[in-house]
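Q: Handing over run-v1.cif, mmCIF, C-alpha atoms.
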```cif
data_target
loop_
_atom_site.group_PDB
_atom_site.id
_atom_site.type_symbol
_atom_site.label_atom_id
_atom_site.label_comp_id
_atom_site.auth_asym_id
_atom_site.auth_seq_id
_atom_site.Cartn_x
_atom_site.Cartn_y
_atom_site.Cartn_z
ATOM 1 C CA MET A 258 0.000 0.000 0.000
ATOM 2 C CA ALA A 259 1.291 3.437 -0.960
ATOM 3 C CA THR A 260 0.385 6.493 1.113
ATOM 4 C CA THR A 261 0.602 10.012 -0.284
ATOM 5 C CA THR A 262 -0.038 13.302 1.483
ATOM 6 C CA VAL A 263 -2.365 15.437 -0.625
ATOM 7 C CA ARG A 264 -4.249 18.720 -0.349
ATOM 8 C CA PHE A 265 -7.456 19.945 -1.917
ATOM 9 C CA ASP A 266 -9.824 22.877 -1.539
ATOM 10 C CA SER A 267 -13.121 22.918 0.376
ATOM 11 C CA ALA A 268 -15.069 26.174 -0.026
ATOM 12 C CA GLY A 269 -11.805 28.114 -0.069
ATOM 13 C CA ILE A 270 -10.173 26.225 2.806
ATOM 14 C CA PRO A 271 -7.211 23.936 2.048
ATOM 15 C CA LEU A 272 -7.688 20.434 3.467
ATOM 16 C CA ALA A 273 -4.886 17.997 4.259
ATOM 17 C CA ALA A 274 -5.393 14.290 3.595
ATOM 18 C CA HIS A 275 -3.684 10.929 3.215
ATOM 19 C CA LEU A 276 -4.405 9.051 0.005
ATOM 20 C CA HIS A 277 -3.917 5.279 0.346
ATOM 21 C CA THR A 278 -3.522 3.176 -2.810
ATOM 22 C CA PRO A 279 -3.408 -0.627 -2.827
ATOM 23 C CA ASP A 280 -0.210 -2.323 -3.987
ATOM 24 C CA THR A 281 -2.029 -5.148 -5.749
ATOM 25 C CA ALA A 282 -2.407 -5.041 -9.512
ATOM 26 C CA ALA A 283 -5.655 -3.697 -10.946
ATOM 27 C CA SER A 284 -7.126 -4.010 -14.432
ATOM 28 C CA GLY A 285 -8.292 -0.407 -14.350
ATOM 29 C CA PRO A 286 -9.353 2.410 -12.043
ATOM 30 C CA ARG A 287 -10.425 1.284 -8.579
ATOM 31 C CA PRO A 288 -13.431 2.024 -6.364
ATOM 32 C CA ALA A 289 -12.620 4.671 -3.771
ATOM 33 C CA LEU A 290 -13.756 5.694 -0.291
ATOM 34 C CA VAL A 291 -13.660 8.993 1.577
ATOM 35 C CA VAL A 292 -13.078 8.330 5.284
ATOM 36 C CA GLY A 293 -14.053 10.984 7.843
ATOM 37 C CA HIS A 294 -12.824 11.266 11.437
ATOM 38 C CA PRO A 295 -14.738 11.806 14.703
ATOM 39 C CA GLY A 296 -15.259 15.275 16.155
ATOM 40 C CA THR A 297 -11.945 16.793 17.386
ATOM 41 C CA GLY A 298 -10.147 13.819 15.824
ATOM 42 C CA VAL A 299 -7.569 13.807 13.036
ATOM 43 C CA LYS A 300 -6.787 11.621 10.038
ATOM 44 C CA GLU A 301 -3.946 9.862 11.857
ATOM 45 C CA GLN A 302 -6.313 8.323 14.419
ATOM 46 C CA THR A 303 -9.234 5.943 13.798
ATOM 47 C CA ALA A 304 -10.045 7.370 10.347
ATOM 48 C CA GLY A 305 -6.520 6.517 9.248
ATOM 49 C CA THR A 306 -6.828 3.026 10.695
ATOM 50 C CA TYR A 307 -9.980 2.274 8.709
ATOM 51 C CA ALA A 308 -8.582 3.941 5.583
ATOM 52 C CA ARG A 309 -5.468 1.756 5.639
ATOM 53 C CA LEU A 310 -7.407 -1.435 6.312
ATOM 54 C CA MET A 311 -9.835 -0.728 3.495
ATOM 55 C CA ALA A 312 -6.934 0.067 1.136
ATOM 56 C CA GLU A 313 -5.505 -3.353 1.981
ATOM 57 C CA ARG A 314 -8.790 -4.756 0.686
ATOM 58 C CA GLY A 315 -8.484 -3.116 -2.714
ATOM 59 C CA PHE A 316 -10.017 0.344 -2.306
ATOM 60 C CA VAL A 317 -8.344 3.696 -2.880
ATOM 61 C CA THR A 318 -9.046 5.565 0.363
ATOM 62 C CA LEU A 319 -8.805 9.214 1.345
ATOM 63 C CA ALA A 320 -8.649 10.106 5.059
ATOM 64 C CA PHE A 321 -8.789 13.870 5.550
ATOM 65 C CA ASP A 322 -8.618 16.444 8.324
ATOM 66 C CA ALA A 323 -11.790 18.519 8.513
ATOM 67 C CA ALA A 324 -11.557 22.261 7.954
ATOM 68 C CA HIS A 325 -10.393 24.151 11.071
ATOM 69 C CA GLN A 326 -8.836 20.960 12.437
ATOM 70 C CA GLY A 327 -5.621 18.933 12.194
ATOM 71 C CA GLU A 328 -3.321 19.986 9.350
ATOM 72 C CA SER A 329 -6.146 21.587 7.371
ATOM 73 C CA GLY A 330 -6.657 25.326 7.153
ATOM 74 C CA GLY A 331 -9.449 27.439 8.571
ATOM 75 C CA LEU A 332 -9.867 29.917 11.413
ATOM 76 C CA PRO A 333 -10.813 29.839 14.207
ATOM 77 C CA ARG A 334 -9.085 26.586 15.070
ATOM 78 C CA GLY A 335 -11.327 23.922 16.512
ATOM 79 C CA LEU A 336 -14.473 25.168 14.817
ATOM 80 C CA GLU A 337 -17.090 22.444 14.305
ATOM 81 C CA ASP A 338 -19.155 23.968 11.508
ATOM 82 C CA PRO A 339 -21.726 21.390 10.312
ATOM 83 C CA ALA A 340 -22.247 22.992 6.906
ATOM 84 C CA GLN A 341 -18.505 23.105 6.303
ATOM 85 C CA ARG A 342 -18.076 19.516 7.518
ATOM 86 C CA VAL A 343 -20.637 18.326 4.962
ATOM 87 C CA GLU A 344 -18.923 20.420 2.291
ATOM 88 C CA ASP A 345 -15.582 18.804 3.207
ATOM 89 C CA PHE A 346 -16.965 15.380 2.256
ATOM 90 C CA LYS A 347 -18.235 16.699 -1.078
ATOM 91 C CA ALA A 348 -14.896 18.395 -1.737
ATOM 92 C CA ALA A 349 -13.129 15.108 -1.010
ATOM 93 C CA VAL A 350 -15.385 13.383 -3.538
ATOM 94 C CA SER A 351 -14.526 16.077 -6.084
ATOM 95 C CA PHE A 352 -10.827 15.492 -5.458
ATOM 96 C CA LEU A 353 -11.163 11.751 -5.998
ATOM 97 C CA THR A 354 -12.917 12.292 -9.324
ATOM 98 C CA THR A 355 -9.695 13.931 -10.601
ATOM 99 C CA ARG A 356 -7.479 10.940 -9.783
ATOM 100 C CA GLU A 357 -6.613 8.583 -12.637
ATOM 101 C CA GLU A 358 -6.392 5.593 -10.276
ATOM 102 C CA VAL A 359 -10.000 6.144 -9.159
ATOM 103 C CA ASP A 360 -13.195 5.068 -10.891
ATOM 104 C CA ALA A 361 -15.361 8.158 -10.492
ATOM 105 C CA ASP A 362 -18.491 6.036 -10.913
ATOM 106 C CA ARG A 363 -17.626 3.931 -7.856
ATOM 107 C CA LEU A 364 -17.256 6.328 -4.955
ATOM 108 C CA GLY A 365 -18.405 5.732 -1.382
ATOM 109 C CA LEU A 366 -18.307 7.509 1.972
ATOM 110 C CA LEU A 367 -17.290 6.033 5.319
ATOM 111 C CA GLY A 368 -17.967 8.219 8.342
ATOM 112 C CA ILE A 369 -16.891 7.451 11.899
ATOM 113 C CA CYS A 370 -18.656 8.994 14.931
ATOM 114 C CA ALA A 371 -19.509 12.637 14.071
ATOM 115 C CA SER A 372 -18.433 12.051 10.474
ATOM 116 C CA GLY A 373 -21.069 9.338 10.353
ATOM 117 C CA GLY A 374 -23.775 11.969 10.566
ATOM 118 C CA TYR A 375 -21.998 14.325 8.199
ATOM 119 C CA SER A 376 -21.461 11.546 5.637
ATOM 120 C CA LEU A 377 -25.199 10.827 5.622
ATOM 121 C CA ALA A 378 -26.015 14.489 5.009
ATOM 122 C CA ALA A 379 -23.388 14.697 2.267
ATOM 123 C CA THR A 380 -24.639 11.543 0.552
ATOM 124 C CA GLY A 381 -28.215 12.780 0.611
ATOM 125 C CA GLY A 382 -27.205 15.824 -1.426
ATOM 126 C CA ASP A 383 -24.515 14.382 -3.694
ATOM 127 C CA HIS A 384 -25.477 11.776 -6.302
ATOM 128 C CA ARG A 385 -21.818 11.084 -7.118
ATOM 129 C CA VAL A 386 -21.747 9.018 -3.914
ATOM 130 C CA LYS A 387 -22.975 5.522 -4.734
ATOM 131 C CA ALA A 388 -22.934 4.016 -1.206
ATOM 132 C CA VAL A 389 -22.428 5.201 2.358
ATOM 133 C CA ALA A 390 -21.459 3.465 5.585
ATOM 134 C CA THR A 391 -20.983 4.605 9.157
ATOM 135 C CA VAL A 392 -19.133 3.198 12.163
ATOM 136 C CA SER A 393 -20.373 4.359 15.591
ATOM 137 C CA GLY A 394 -22.160 7.046 13.615
ATOM 138 C CA VAL A 395 -23.791 9.965 15.416
ATOM 139 C CA ASP A 396 -25.312 13.329 14.710
ATOM 140 C CA VAL A 397 -22.991 15.413 16.855
ATOM 141 C CA ALA A 398 -25.691 18.077 17.091
ATOM 142 C CA ARG A 399 -28.051 15.566 18.695
ATOM 143 C CA GLN A 400 -25.252 14.458 20.985
ATOM 144 C CA PHE A 401 -24.767 18.023 22.200
ATOM 145 C CA ARG A 402 -28.492 18.649 22.575
ATOM 146 C CA TYR A 403 -29.524 15.333 24.132
ATOM 147 C CA GLY A 404 -26.319 13.704 25.393
ATOM 148 C CA ALA A 405 -24.534 10.593 24.158
ATOM 149 C CA ASP A 406 -27.285 8.338 25.514
ATOM 150 C CA GLY A 407 -30.175 10.675 24.672
ATOM 151 C CA THR A 408 -31.155 11.378 28.282
ATOM 152 C CA GLN A 409 -29.330 14.658 28.977
ATOM 153 C CA ASP A 410 -31.211 17.374 30.867
ATOM 154 C CA PRO A 411 -32.130 20.102 28.308
ATOM 155 C CA ALA A 412 -30.714 22.666 30.721
ATOM 156 C CA VAL A 413 -27.195 21.436 29.953
ATOM 157 C CA PHE A 414 -27.308 22.500 26.324
ATOM 158 C CA GLN A 415 -29.108 25.729 27.181
ATOM 159 C CA GLY A 416 -26.205 26.496 29.511
ATOM 160 C CA LEU A 417 -23.717 25.885 26.703
ATOM 161 C CA LEU A 418 -25.695 28.197 24.425
ATOM 162 C CA GLY A 419 -25.475 30.888 27.091
ATOM 163 C CA LEU A 420 -21.704 30.521 27.282
ATOM 164 C CA ALA A 421 -21.437 30.533 23.480
ATOM 165 C CA ALA A 422 -23.371 33.804 23.359
ATOM 166 C CA GLN A 423 -21.043 35.330 25.941
ATOM 167 C CA ALA A 424 -18.044 34.195 23.894
ATOM 168 C CA ARG A 425 -19.387 35.866 20.746
ATOM 169 C CA THR A 426 -19.869 39.117 22.665
ATOM 170 C CA ALA A 427 -16.351 38.898 24.089
ATOM 171 C CA ALA A 428 -14.904 38.381 20.608
ATOM 172 C CA ALA A 429 -16.865 41.361 19.272
ATOM 173 C CA ARG A 430 -15.290 43.507 22.002
ATOM 174 C CA GLY A 431 -11.802 42.372 21.082
ATOM 175 C CA GLU A 432 -11.468 40.053 24.073
ATOM 176 C CA ASP A 433 -10.308 36.438 24.094
ATOM 177 C CA PRO A 434 -13.474 34.307 23.811
ATOM 178 C CA GLY A 435 -11.717 31.158 25.043
ATOM 179 C CA VAL A 436 -12.650 27.650 23.907
ATOM 180 C CA LEU A 437 -14.874 24.789 25.010
ATOM 181 C CA THR A 438 -12.544 22.139 26.444
ATOM 182 C CA MET A 439 -13.848 18.677 25.624
ATOM 183 C CA PHE A 440 -12.045 16.658 28.299
ATOM 184 C CA PRO A 441 -11.281 17.262 31.992
ATOM 185 C CA GLU A 442 -7.978 16.400 33.663
ATOM 186 C CA THR A 443 -8.735 12.816 34.683
ATOM 187 C CA ALA A 444 -10.747 9.805 33.574
ATOM 188 C CA ALA A 445 -12.688 9.955 36.842
ATOM 189 C CA GLU A 446 -13.782 13.526 36.110
ATOM 190 C CA ALA A 447 -14.695 12.478 32.560
ATOM 191 C CA GLY A 448 -16.873 9.728 34.022
ATOM 192 C CA ALA A 449 -18.589 12.123 36.408
ATOM 193 C CA LEU A 450 -19.450 14.402 33.496
ATOM 194 C CA GLY A 451 -20.189 11.899 30.743
ATOM 195 C CA GLY A 452 -20.534 8.439 32.262
ATOM 196 C CA GLN A 453 -18.885 5.462 30.602
ATOM 197 C CA HIS A 454 -18.900 7.217 27.225
ATOM 198 C CA GLY A 455 -16.918 10.066 28.764
ATOM 199 C CA VAL A 456 -14.410 7.679 30.315
ATOM 200 C CA GLU A 457 -13.856 5.853 27.036
ATOM 201 C CA GLY A 458 -13.422 9.095 25.130
ATOM 202 C CA PHE A 459 -10.826 10.251 27.669
ATOM 203 C CA GLU A 460 -8.963 6.933 27.458
ATOM 204 C CA TYR A 461 -8.734 7.199 23.679
ATOM 205 C CA TYR A 462 -8.011 10.892 23.150
ATOM 206 C CA CYS A 463 -6.041 11.724 26.292
ATOM 207 C CA THR A 464 -3.746 8.712 26.771
ATOM 208 C CA PRO A 465 -1.093 7.008 24.620
ATOM 209 C CA ARG A 466 -3.831 4.661 23.402
ATOM 210 C CA GLY A 467 -5.024 7.126 20.771
ATOM 211 C CA GLU A 468 -3.889 10.667 21.518
ATOM 212 C CA HIS A 469 -2.340 12.803 18.795
ATOM 213 C CA ASP A 470 -0.705 16.236 19.020
ATOM 214 C CA ARG A 471 -2.999 17.693 16.367
ATOM 215 C CA SER A 472 -6.194 16.335 17.917
ATOM 216 C CA ALA A 473 -7.275 19.593 19.521
ATOM 217 C CA LYS A 474 -9.612 18.224 22.230
ATOM 218 C CA PHE A 475 -11.459 21.551 22.228
ATOM 219 C CA LEU A 476 -14.083 23.359 20.182
ATOM 220 C CA ALA A 477 -14.292 27.023 19.298
ATOM 221 C CA TRP A 478 -17.374 28.427 21.039
ATOM 222 C CA PRO A 479 -19.276 29.301 17.813
ATOM 223 C CA SER A 480 -19.464 25.543 17.205
ATOM 224 C CA VAL A 481 -22.158 25.287 19.863
ATOM 225 C CA ASP A 482 -24.748 27.619 18.351
ATOM 226 C CA LYS A 483 -23.978 26.326 14.842
ATOM 227 C CA LEU A 484 -24.832 22.835 16.093
ATOM 228 C CA ALA A 485 -28.018 24.079 17.770
ATOM 229 C CA SER A 486 -30.022 24.151 14.538
ATOM 230 C CA PHE A 487 -28.301 21.360 12.591
ATOM 231 C CA ASP A 488 -29.883 17.984 11.827
ATOM 232 C CA ALA A 489 -27.544 15.467 10.185
ATOM 233 C CA PHE A 490 -30.397 13.021 9.657
ATOM 234 C CA HIS A 491 -32.760 15.324 7.776
ATOM 235 C CA ALA A 492 -31.443 14.187 4.384
ATOM 236 C CA VAL A 493 -31.424 10.441 5.146
ATOM 237 C CA PRO A 494 -34.543 9.745 3.014
ATOM 238 C CA LEU A 495 -32.719 11.330 0.039
ATOM 239 C CA ILE A 496 -30.068 8.596 0.095
ATOM 240 C CA ALA A 497 -32.441 6.043 -1.468
ATOM 241 C CA PRO A 498 -32.221 4.132 -3.740
ATOM 242 C CA ARG A 499 -28.532 4.048 -2.873
ATOM 243 C CA PRO A 500 -27.587 1.678 -0.026
ATOM 244 C CA LEU A 501 -26.776 2.512 3.587
ATOM 245 C CA LEU A 502 -24.834 0.389 6.080
ATOM 246 C CA GLN A 503 -24.481 1.318 9.732
ATOM 247 C CA ILE A 504 -22.158 -0.528 12.101
ATOM 248 C CA ALA A 505 -22.694 -0.063 15.825
ATOM 249 C CA GLY A 506 -21.606 -1.782 19.002
ATOM 250 C CA THR A 507 -24.204 -3.501 21.164
ATOM 251 C CA ARG A 508 -22.801 -1.632 24.214
ATOM 252 C CA ALA A 509 -22.655 1.790 22.537
ATOM 253 C CA ASP A 510 -24.500 4.530 24.437
ATOM 254 C CA THR A 511 -24.940 6.319 21.118
ATOM 255 C CA SER A 512 -26.611 3.471 19.214
ATOM 256 C CA TRP A 513 -30.079 5.012 19.593
ATOM 257 C CA MET A 514 -29.054 7.417 16.837
ATOM 258 C CA ALA A 515 -28.242 4.543 14.480
ATOM 259 C CA VAL A 516 -31.686 3.122 15.189
ATOM 260 C CA GLU A 517 -33.261 6.490 14.331
ATOM 261 C CA VAL A 518 -31.348 6.652 11.042
ATOM 262 C CA HIS A 519 -32.393 3.105 10.188
ATOM 263 C CA GLN A 520 -36.032 4.036 10.757
ATOM 264 C CA ARG A 521 -35.715 7.134 8.561
ATOM 265 C CA ALA A 522 -33.938 5.407 5.664
ATOM 266 C CA THR A 523 -36.228 4.524 2.758
ATOM 267 C CA GLY A 524 -33.852 2.557 0.518
ATOM 268 C CA PRO A 525 -31.628 -0.511 0.964
ATOM 269 C CA LYS A 526 -30.384 -0.394 4.548
ATOM 270 C CA GLU A 527 -28.704 -2.499 7.181
ATOM 271 C CA LEU A 528 -27.897 -1.860 10.835
ATOM 272 C CA HIS A 529 -25.117 -4.313 11.676
ATOM 273 C CA TRP A 530 -24.295 -4.924 15.334
ATOM 274 C CA ILE A 531 -20.843 -5.791 16.671
ATOM 275 C CA GLU A 532 -21.460 -7.872 19.774
ATOM 276 C CA GLY A 533 -19.878 -6.546 22.955
ATOM 277 C CA ALA A 534 -18.453 -3.363 21.419
ATOM 278 C CA SER A 535 -18.939 0.116 22.828
ATOM 279 C CA HIS A 536 -18.861 3.307 20.740
ATOM 280 C CA VAL A 537 -15.130 3.890 21.231
ATOM 281 C CA ASP A 538 -14.186 0.190 21.078
ATOM 282 C CA LEU A 539 -14.807 0.440 17.332
ATOM 283 C CA TYR A 540 -12.120 3.120 17.021
ATOM 284 C CA ASP A 541 -9.102 0.910 17.615
ATOM 285 C CA LYS A 542 -9.706 -2.458 19.296
ATOM 286 C CA LYS A 543 -8.713 -5.203 16.900
ATOM 287 C CA GLU A 544 -11.297 -7.726 18.101
ATOM 288 C CA PHE A 545 -14.049 -5.292 17.101
ATOM 289 C CA ILE A 546 -12.431 -3.502 14.147
ATOM 290 C CA ASP A 547 -11.636 -6.711 12.275
ATOM 291 C CA PRO A 548 -15.261 -7.876 11.909
ATOM 292 C CA ALA A 549 -16.347 -4.306 11.168
ATOM 293 C CA VAL A 550 -13.828 -4.018 8.330
ATOM 294 C CA GLU A 551 -14.831 -7.398 6.897
ATOM 295 C CA LYS A 552 -18.436 -6.239 6.836
ATOM 296 C CA LEU A 553 -17.481 -2.918 5.250
ATOM 297 C CA ALA A 554 -15.341 -4.575 2.576
ATOM 298 C CA ALA A 555 -18.120 -6.983 1.582
ATOM 299 C CA TYR A 556 -20.653 -4.135 1.544
ATOM 300 C CA PHE A 557 -18.599 -1.784 -0.618
ATOM 301 C CA ASP A 558 -17.504 -4.638 -2.909
ATOM 302 C CA ALA A 559 -21.161 -5.318 -3.603
ATOM 303 C CA SER A 560 -22.276 -1.676 -3.737
ATOM 304 C CA LEU A 561 -19.572 0.029 -5.780
#
```
Rewrite the structure of this file - the entire thing - as structure tokens.

A:
Amino acid sequence: MATTTVRFDSAGIPLAAHLHTPDTAASGPRPALVVGHPGTGVKEQTAGTYARLMAERGFVTLAFDAAHQGESGGLPRGLEDPAQRVEDFKAAVSFLTTREEVDADRLGLLGICASGGYSLAATGGDHRVKAVATVSGVDVARQFRYGADGTQDPAVFQGLLGLAAQARTAAARGEDPGVLTMFPETAAEAGALGGQHGVEGFEYYCTPRGEHDRSAKFLAWPSVDKLASFDAFHAVPLIAPRPLLQIAGTRADTSWMAVEVHQRATGPKELHWIEGASHVDLYDKKEFIDPAVEKLAAYFDASL
């Protein structure tokens, strides 16, 4: 497998990506996948893992850093702008259509965590995408509004909106608006704030298990009010008649969102469960990733 660092434009913002090309011989251009990372993640983490594994199975894969994050451009840093995140996927598709090793008629999207929701929205509006799959997919806007498990007190998000408003006013006055830090100092504190999902996120992003220098672990405050009115699942019915595969762990707090997507989808669809896996287990644990990748490879082989 050959890996090349590439850049392409997304609504005027330069994005950084890794393009993975299989070493095996091919009779012509190959099917290709765009792989998107979780919120605050970067291409070198779980998105890169899935991109490499899928390249080993014969797909050209493109794992990219979202605008405002990682090695990509965009200010302020750490901005989670849903419209831009959807545009990033479409820009990645456009880039792949220019590559001679890629069959532009066989393009798919693979979104992990927050990118799962964004990939669904992008697919709904872009007919160049022939199939879409998600792993531990969520609508990050729903996660902020309702919590990872869907039971969050509405007052929590209202409080964040209040702080976001204060930050915008501070910025307008020339003051430092600060940022929304995503993780506390310890796993115990993460558990107190976000339960088991919080602990697992801390263990991945804040320890040698998965941490990366360019994974910011914070959001710019305008992210919060941009997420307030976003719905990643609104366009799900537009995906049909193209197929949709969702992969979720049976222990994932976030799996209620996959169930909602499955209910909304009107075309070929499958919600595939990985027994015993949590949301974050599917980021990097071999015993859960291996069956997920086998399922993804079979799905995209049949769909592209």

Q: Quick one: apply the PyMOL selection byres ((chain A and resi 425-431) around 12) to the file and drop the selected residues here as a PyMOL selection string.

A: chain A and resi 333+418-424+432-436+477-482

Q: Evaluate the PyMOL selection byres ((chain A and resi 325) around 12) against this structure - the residues, as a PyMOL selection string, please.

A: chain A and resi 267+269-273+296-299+321-324+326-339+341-342+345+471-473+475-477+480

Q: Write a file of the just-selected residues containing C-alpha atoms, as a PDB file, in the coordinates of the input.

A:
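Full text of part-v4.pdb as output:
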```pdb
ATOM      1  CA  SER A 267     -13.121  22.918   0.376  1.00  0.00           C
ATOM      2  CA  GLY A 269     -11.805  28.114  -0.069  1.00  0.00           C
ATOM      3  CA  ILE A 270     -10.173  26.225   2.806  1.00  0.00           C
ATOM      4  CA  PRO A 271      -7.211  23.936   2.048  1.00  0.00           C
ATOM      5  CA  LEU A 272      -7.688  20.434   3.467  1.00  0.00           C
ATOM      6  CA  ALA A 273      -4.886  17.997   4.259  1.00  0.00           C
ATOM      7  CA  GLY A 296     -15.259  15.275  16.155  1.00  0.00           C
ATOM      8  CA  THR A 297     -11.945  16.793  17.386  1.00  0.00           C
ATOM      9  CA  GLY A 298     -10.147  13.819  15.824  1.00  0.00           C
ATOM     10  CA  VAL A 299      -7.569  13.807  13.036  1.00  0.00           C
ATOM     11  CA  PHE A 321      -8.789  13.870   5.550  1.00  0.00           C
ATOM     12  CA  ASP A 322      -8.618  16.444   8.324  1.00  0.00           C
ATOM     13  CA  ALA A 323     -11.790  18.519   8.513  1.00  0.00           C
ATOM     14  CA  ALA A 324     -11.557  22.261   7.954  1.00  0.00           C
ATOM     15  CA  GLN A 326      -8.836  20.960  12.437  1.00  0.00           C
ATOM     16  CA  GLY A 327      -5.621  18.933  12.194  1.00  0.00           C
ATOM     17  CA  GLU A 328      -3.321  19.986   9.350  1.00  0.00           C
ATOM     18  CA  SER A 329      -6.146  21.587   7.371  1.00  0.00           C
ATOM     19  CA  GLY A 330      -6.657  25.326   7.153  1.00  0.00           C
ATOM     20  CA  GLY A 331      -9.449  27.439   8.571  1.00  0.00           C
ATOM     21  CA  LEU A 332      -9.867  29.917  11.413  1.00  0.00           C
ATOM     22  CA  PRO A 333     -10.813  29.839  14.207  1.00  0.00           C
ATOM     23  CA  ARG A 334      -9.085  26.586  15.070  1.00  0.00           C
ATOM     24  CA  GLY A 335     -11.327  23.922  16.512  1.00  0.00           C
ATOM     25  CA  LEU A 336     -14.473  25.168  14.817  1.00  0.00           C
ATOM     26  CA  GLU A 337     -17.090  22.444  14.305  1.00  0.00           C
ATOM     27  CA  ASP A 338     -19.155  23.968  11.508  1.00  0.00           C
ATOM     28  CA  PRO A 339     -21.726  21.390  10.312  1.00  0.00           C
ATOM     29  CA  GLN A 341     -18.505  23.105   6.303  1.00  0.00           C
ATOM     30  CA  ARG A 342     -18.076  19.516   7.518  1.00  0.00           C
ATOM     31  CA  ASP A 345     -15.582  18.804   3.207  1.00  0.00           C
ATOM     32  CA  ARG A 471      -2.999  17.693  16.367  1.00  0.00           C
ATOM     33  CA  SER A 472      -6.194  16.335  17.917  1.00  0.00           C
ATOM     34  CA  ALA A 473      -7.275  19.593  19.521  1.00  0.00           C
ATOM     35  CA  PHE A 475     -11.459  21.551  22.228  1.00  0.00           C
ATOM     36  CA  LEU A 476     -14.083  23.359  20.182  1.00  0.00           C
ATOM     37  CA  ALA A 477     -14.292  27.023  19.298  1.00  0.00           C
ATOM     38  CA  SER A 480     -19.464  25.543  17.205  1.00  0.00           C
TER      39      SER A 480
END
```

Q: Name the residues that the PyMOL selection byres ((chain A and resi 549) around 12) picks from the file above, as a ChimeraX atom specification, using the file's chain letters and numbers.

A: /A:307,310-311,367,369,390-393,502-506,528-532,534,538-548,550-556

Q: Looking at A:His294, A:Arg399, A:Arg314, A:Lys300, which one is nearest to A:Ser376, with distances taken over all atoms listed in the file?

A: A:His294

Q: Provide an axis-aligned box for all listed atoms of stretch 497-501 of chain A, padding each side by 5 Å; report its centre and its edge lengths in Å to one decimal, as lines of an AutoDock Vina configuration file.

A:
```
center_x = -29.6
center_y = 3.9
center_z = -0.1
size_x = 15.7
size_y = 14.4
size_z = 17.3
```

Q: So how many Å separate atom CA of A:Phe352 and atom CA of A:Ala259, to one decimal?

A: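 That distance, rounded to one decimal, is 17.7 Å.
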
Q: Tell me, as a short mmCIF file (atom, residue, chain, number, x, y, z; two decimals) with C-alpha atoms, in the coordinates of the input, which residues lie within 6 Å of stretch 276-290 of chain A, counting only C-alpha atoms; anything in the same chain fewer than 6 positions away does not count.

A:
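Contents of out15.cif, as written:
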```cif
data_model
loop_
_atom_site.label_atom_id
_atom_site.label_comp_id
_atom_site.auth_asym_id
_atom_site.auth_seq_id
_atom_site.Cartn_x
_atom_site.Cartn_y
_atom_site.Cartn_z
CA MET A 258 0.00 0.00 0.00
CA ALA A 259 1.29 3.44 -0.96
CA THR A 260 0.38 6.49 1.11
CA THR A 261 0.60 10.01 -0.28
CA ALA A 312 -6.93 0.07 1.14
CA GLU A 313 -5.50 -3.35 1.98
CA GLY A 315 -8.48 -3.12 -2.71
CA PHE A 316 -10.02 0.34 -2.31
CA VAL A 317 -8.34 3.70 -2.88
CA THR A 318 -9.05 5.56 0.36
CA LEU A 319 -8.80 9.21 1.34
CA GLU A 358 -6.39 5.59 -10.28
CA VAL A 359 -10.00 6.14 -9.16
CA ASP A 360 -13.20 5.07 -10.89
CA ARG A 363 -17.63 3.93 -7.86
CA LEU A 364 -17.26 6.33 -4.96
CA GLY A 365 -18.40 5.73 -1.38
CA LEU A 366 -18.31 7.51 1.97
#
```

Q: With all atoms listed in the file as the atoms that count, which of A:Arg508, A:Glu517, A:Pro525, A:Pro295 lies nearest to A:Ser372?

A: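 Using all atoms listed in the file, the shortest distance to A:Ser372 belongs to A:Pro295.
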
Q: Using only C-alpha atoms, pick whichever of A:Ala348, A:Ala320, A:Cys370, A:Leu561 has the shortest atom-to-atom distance to A:Met514.

A: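 Distance minimum relative to A:Met514 lands on A:Cys370.
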
Q: Between atom CA of A:Lys483 and atom CA of A:Thr380, what distance in Å does the model show, to one decimal?

A: 20.6 Å
